[in-house]
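Please read the structure below before turning to the comments.
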Amino acid sequence: MHRLAPKRASGAVAAGAMWVALPAFARVYLGVNEIISTLVLNFVAIYWVLYWATERWPEPFSPGGVKSKLIPSQGELGELAIGGLVVPAGFLLLIGGCVLVAIAARTTTGYEVEIAGATERAAVYAGMSVRRLTISVLLLGGAFGGLAGAIEMMGNTHRYSDQLSNQTGYTGVVIAVLAGPSALAVLGMTLLFSVISIGAGILRVSGASSELVFAAYGLTLAFAALGQALSQFTIVRTRMRHADARRPADGTT
Amino acid sequence: MSVDLLVSSIATALLAAAPVLIVASGELLSETVGIYNIGVEGSMLAGALGAFIAAQETDSWGVGVLAGMAVGAVASCLFGVVVNLGADIVVAGLALVFLANGLTGMLGDDYVRQPAESVIPTWNVPLLSDIPYVGEAAFQQPLFVYAAFLAPVLVWLILTRTRHGLALRSIGEDPAAVDAAGVAVNRWRLVYVSVGGAFAGMGGAFLSLGVVATWLQGMTAGEGWIAIAIVMVASWRSLPLIPAAFLYGALGTLGNVAQALGWSVPSEVFSALPYLGTLALVCVLAWYRIHTTGRLPWPGALGQVFTRGAS
C-alpha cells in the first residue's frame, strides 16, 4: 500500500458521509423516507460520475463507455504480503471493517443504536438521542460506502467510470438485509455473494446475460421476504372429530 | 425566451411528465389502501418490456399497452401477496425491483434498441388543438399524455366521490375498524396494489411505446422512485399529482432550453436536475407541513400489515 492511500481513503470517507448527509437530515428532521431519497440520489450520482469522467478527466482513446483517465499509479491500492501469502489490501479492509462493527456493537453507543432501531419509543424514554444516533449511523454507513468506492477504484478499476460501482452498492444492501444485525453474518454473506457474482461472470462467458446476477439477488431477497413472512405461521394439527374442537381455542367463553 | 421555445418546452414537459404521472396515480391508489409499494419501479420496468415485446410481435400498440398493464399488475400482485402474509415491505419491494431489473435485462436482450414497430399515435384534440400556442403545447400530443393527465382525475373521483372510495380510504386509515364493518381488508389491498401495478406497467408502456419508442435495459431510470416521491410531494392527494408531475417534466426540459439559449452549464447538471429538484421539493414540503400543521398527510395505517385479531 502506498503512503498516499490513507489520504485518499479519508477523502473518500468524508465524501461518502457528505453524500448521505441530505437524506440523513431529511429523514430525522423532516420524516422523508431515506430509501426513496437515497435511491433518487443514485441517479444524481450517475450524472455526477458522467460529468467528472467525461468532461473533466476524459480518457482520450476510449473505445466507448464512460471512463476517465487512469489514476496515477501511486494512488493504486496494492496487495499486502503476509509471510508468503499475497492478499489484496481490500480483502483485509473487509475483515477489518467487520471486526470494527462487531466491536462497536458491544460498546454503549452500539447498544443504544440497537435499542433505537428496535423500539424507538423505549430509546427516547431512556433518554437516548435517537436523532443523533440515527444521523451518526447513516453518516457512518455513507462513509463506509465512500471507502468501498475508493477501494474499488484504487484496487480494481484504476479509473473513475460508470462501471465503478458495478452494482456493488445494491449488493451491499442485499447482504445487509439478509445478514441482519450480525457482523459475522455480513462477512459470511459477502463471501457467498462474491461466489455468486463470480459464478455469474463465468456463466456470462458461456453466453448468459450479465443481468443474471440481479435476478439472482432478486430471487434471494424474495425468498428471504417470503421465509420471514411464513415463519410467523405455525402448522397446527386439529382433530375436528373430537368434541373439544368446538370449544373456542383461547378459552374465552 | 421566445414564444416558440416556451411552447415546445411545455409540450416536451407534458410528454416527459406523463409516464411518471400515471405511475404516481397507481402508487397513490395502493398507498391509499395502506400498502407502500416500494417495488413500483420493478412493475414499471417489467411493464415496459412486456409492452414492447407484445407490440413488436403483434404490430399493435394497443395489445402492447394491455400486455404492459398485465405484466405490471402480476408483478405488483406477487409483491402484495408476500406483503399481506407479513413480509417486510422494504425487503419484498427491493426483491421486486431486483427481480424485474434482472429478468428484463435477460429477456429483453434481443430487443435492445429495436425501433418500435407500432408506437402510440398522436391525436389532435378537435377545436382545442387549434387554439394558438396553447393547442400546440398541450393538445397535439400522443394519446397517452391525455390518458396520464386524466388518471389522477379518475383516481380522485373514485376515492372521494364514491362509497367504494370511502371504504378504500378507510382501509388505509384504520383496517381493524373497516374489517369489523365487514370490508375484506386484505382482499381489497391486494386488488388495489395490483391496480397500482397495472398503472405502473402502463407507465412503462408509455416509455417503451411512446416517449423513447424502443427497449433499453433499465430504461425507467428511476422514474418509479420519482413517482413515489411525487406522491409525497402531492401529500397523498390525487389532484396535486398533476402539478407535481408537470414540475418534474419541466425540470427535465430545462436542458433543452439551456442548449437553445446557449448557456454554458454542463449538460449533466440539467440531467440530474429533475431528480434533485423533486427531492428538494419533497424536503421543502415536508418542512412546510411540520411548521404549519401537525397532521400526518399519509394514510394512518400506511405500511402496516393487517392480520385479523392481531391488535
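To be explicit about the labels: the chains of the C-alpha cells are called A, B, and onward in the order shown, and within each one the residues are counted from 1, while ligands get numbers from 1 in the order they are shown.
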
Closest-contact table, chain B side, partner chain A, 9 Å, counting only C-alpha atoms, as a tab-separated table:
residue	atom	partner	partner_atom	distance
B:Ile38	CA	A:Ile36	CA	8.5
B:Phe79	CA	A:Ala222	CA	8.9
B:Val82	CA	A:Leu226	CA	6.0
B:Val83	CA	A:Ala229	CA	7.8
B:Asn84	CA	A:Ala229	CA	8.7
B:Leu85	CA	A:Ala229	CA	5.6
B:Gly86	CA	A:Ala229	CA	4.8
B:Ala87	CA	A:Ala229	CA	4.4
B:Asp88	CA	A:Ala225	CA	6.3
B:Ile89	CA	A:Ala225	CA	8.3
B:Val90	CA	A:Ile35	CA	8.6
B:Val91	CA	A:Ala225	CA	5.9
B:Ala92	CA	A:Ala225	CA	5.5
B:Gly93	CA	A:Ala222	CA	8.6
B:Leu94	CA	A:Gly218	CA	7.4
B:Ala95	CA	A:Gly218	CA	4.4
B:Leu96	CA	A:Gly218	CA	6.5
B:Val97	CA	A:Gly218	CA	7.2
B:Phe98	CA	A:Gly218	CA	4.5
B:Leu99	CA	A:Gly218	CA	4.2
B:Ala100	CA	A:Ala215	CA	7.3
B:Asn101	CA	A:Phe214	CA	6.5
B:Gly102	CA	A:Ala215	CA	4.0
B:Leu103	CA	A:Ala215	CA	5.7
B:Thr104	CA	A:Glu211	CA	8.2
B:Gly105	CA	A:Glu211	CA	5.3
B:Met106	CA	A:Ser209	CA	5.4
B:Leu107	CA	A:Ser209	CA	8.8
B:Asp109	CA	A:Ser209	CA	7.8
B:Ala221	CA	A:Phe43	CA	7.5
B:Gly222	CA	A:Val40	CA	6.8
B:Glu223	CA	A:Val40	CA	8.9
B:Trp225	CA	A:Ile36	CA	6.4
B:Ile226	CA	A:Val40	CA	6.9
B:Ile228	CA	A:Ile36	CA	7.5
B:Ala229	CA	A:Ile36	CA	7.0
B:Met232	CA	A:Val32	CA	8.8
B:Pro266	CA	A:Tyr51	CA	7.5
B:Ser267	CA	A:Tyr51	CA	8.3
B:Glu268	CA	A:Tyr47	CA	5.4
B:Val269	CA	A:Tyr47	CA	7.5
B:Ser271	CA	A:Tyr47	CA	6.9
B:Ala272	CA	A:Val44	CA	5.0
B:Leu273	CA	A:Val44	CA	7.9
B:Tyr275	CA	A:Val40	CA	6.0
B:Leu276	CA	A:Val44	CA	6.9
B:Thr278	CA	A:Val40	CA	8.8
B:Leu279	CA	A:Ser37	CA	6.5
B:Val282	CA	A:Val32	CA	7.5
B:Cys283	CA	A:Ala26	CA	6.5
B:Val284	CA	A:Leu30	CA	8.7
B:Ala286	CA	A:Leu30	CA	5.6
B:Trp287	CA	A:Leu30	CA	5.7
B:Arg289	CA	A:Leu30	CA	8.9
B:Ile290	CA	A:Leu30	CA	7.3

If you run DSSP over the backbone, which residues in segment 116-209 of chain A end up alpha helix (DSSP H)? Put them as a ChimeraX atom specification.
-> /A:116-118,120-125,130-152,168-179,183-205

As an NGL selection string, please: all residues of segment 49-232 of chain A that backbone DSSP puts in strand (DSSP E or B).
-> :A and (58 or 67-70 or 79-82 or 85-88 or 159-161)

Keeping N, CA, C and O atoms for every residue in the selection just given, could you write it to a file as a compact mmCIF listing (two decimals), in the first residue's frame?
# COMPACT_ATOMS: atom_id res chain seq x y z
N PRO A 58 -11.41 13.21 -19.07
CA PRO A 58 -11.80 12.19 -20.04
C PRO A 58 -10.61 11.36 -20.53
O PRO A 58 -9.48 11.84 -20.57
N LYS A 67 -15.52 6.56 -19.08
CA LYS A 67 -14.43 6.35 -18.13
C LYS A 67 -13.42 7.48 -18.20
O LYS A 67 -13.24 8.12 -19.23
N SER A 68 -12.76 7.69 -17.08
CA SER A 68 -11.77 8.75 -17.00
C SER A 68 -10.41 8.19 -17.38
O SER A 68 -10.26 7.01 -17.70
N LYS A 69 -9.42 9.07 -17.33
CA LYS A 69 -8.03 8.61 -17.48
C LYS A 69 -7.67 7.69 -16.31
O LYS A 69 -8.34 7.71 -15.27
N LEU A 70 -6.63 6.93 -16.48
CA LEU A 70 -6.16 6.09 -15.37
C LEU A 70 -5.69 7.00 -14.23
O LEU A 70 -5.17 8.09 -14.48
N GLU A 79 -1.36 -4.93 -3.05
CA GLU A 79 -1.55 -6.15 -2.28
C GLU A 79 -0.56 -6.16 -1.14
O GLU A 79 0.48 -5.52 -1.20
N LEU A 80 -0.91 -6.89 -0.11
CA LEU A 80 -0.03 -6.99 1.03
C LEU A 80 0.54 -8.40 1.08
O LEU A 80 -0.19 -9.37 0.86
N ALA A 81 1.83 -8.49 1.35
CA ALA A 81 2.43 -9.80 1.50
C ALA A 81 2.56 -10.10 2.99
O ALA A 81 3.27 -9.40 3.71
N ILE A 82 1.80 -11.08 3.45
CA ILE A 82 1.91 -11.50 4.84
C ILE A 82 2.64 -12.83 4.82
O ILE A 82 2.05 -13.85 4.43
N LEU A 85 2.05 -15.25 1.86
CA LEU A 85 0.69 -15.12 1.33
C LEU A 85 0.47 -13.70 0.82
O LEU A 85 0.68 -12.73 1.52
N VAL A 86 0.04 -13.58 -0.46
CA VAL A 86 -0.24 -12.26 -1.01
C VAL A 86 -1.75 -12.04 -0.99
O VAL A 86 -2.52 -12.79 -1.57
N VAL A 87 -2.17 -11.00 -0.25
CA VAL A 87 -3.60 -10.74 -0.08
C VAL A 87 -3.91 -9.35 -0.61
O VAL A 87 -3.15 -8.41 -0.35
N PRO A 88 -5.00 -9.17 -1.37
CA PRO A 88 -5.39 -7.82 -1.77
C PRO A 88 -5.72 -7.00 -0.52
O PRO A 88 -6.36 -7.51 0.41
N ARG A 159 -9.65 3.68 -12.51
CA ARG A 159 -10.13 4.93 -13.12
C ARG A 159 -11.53 5.20 -12.63
O ARG A 159 -12.18 4.34 -12.06
N TYR A 160 -11.98 6.44 -12.87
CA TYR A 160 -13.33 6.82 -12.47
C TYR A 160 -14.24 6.53 -13.65
O TYR A 160 -14.05 7.05 -14.74
N SER A 161 -15.23 5.64 -13.48
CA SER A 161 -16.09 5.32 -14.60
C SER A 161 -17.47 4.92 -14.10
O SER A 161 -17.68 4.72 -12.90

Counting only C-alpha atoms, what is within 7 Å of segment 194-205 of chain B, bar same-chain residues fewer than 3 positions away, as a VMD selection string?
-> chain B and resid 19 to 20 22 to 23 26 to 27 29 to 30 40 43 to 48 51 to 52 65 68 to 77 190 to 191 208 to 209

In Å, rounded to a single decimal, give me how far atom CA of Glu117 of chain B is from atom CA of Pro152 of chain B.
->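 The value is 29.5 Å.
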
Could you check which of A:Val113, A:Leu92, A:Leu192, A:Ala15 is closest to Leu147 of chain A, using only C-alpha atoms?
->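 Counting only C-alpha atoms, the residue closest to Leu147 of chain A is A:Ala15.
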
Could you tell me which of B:Phe149, B:Val265, B:Gln217, B:Gly255 comes closest to Leu21 of chain B if we count only C-alpha atoms?
->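 So, comparing all the options, the nearest one is B:Phe149.
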
Extract, using only C-alpha atoms, all DNA, RNA and protein residues at most 6 Å from Glu173 of chain B, discarding same-chain residues fewer than 6 positions from it, and format them as a ChimeraX atom specification.
-> /B:299-301

Quick one: distance from atom CA of Gly172 of chain A to atom CA of Phe144 of chain A in Å, one decimal?
-> 10.7 Å

Which polymer residues have any atom within 7 Å of an atom of Gly303 of chain B, counting only C-alpha atoms, with same-chain residues fewer than 4 positions away left out, as a PyMOL selection string?
-> chain B and resi 34-36

Would you please work out which residue, of A:Ala126, A:Phe91, A:Arg132, A:Thr119, is nearest to Leu191 of chain A when using only C-alpha atoms?
->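 Closest candidate: A:Phe91.
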
In Å to one decimal, how far is atom CA of Leu254 of chain B from atom CA of Thr12 of chain B?
->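 One can read the atom CA of Thr12 of chain B to atom CA of Leu254 of chain B distance as 10.2 Å.
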
Just the residues within 8 Å of segment 210-212 of chain B, please, counting only C-alpha atoms, with nothing from its chain fewer than 3 positions along; format it as a VMD selection string.
-> chain B and resid 15 to 16 119 to 120 142 144 205 to 207 215
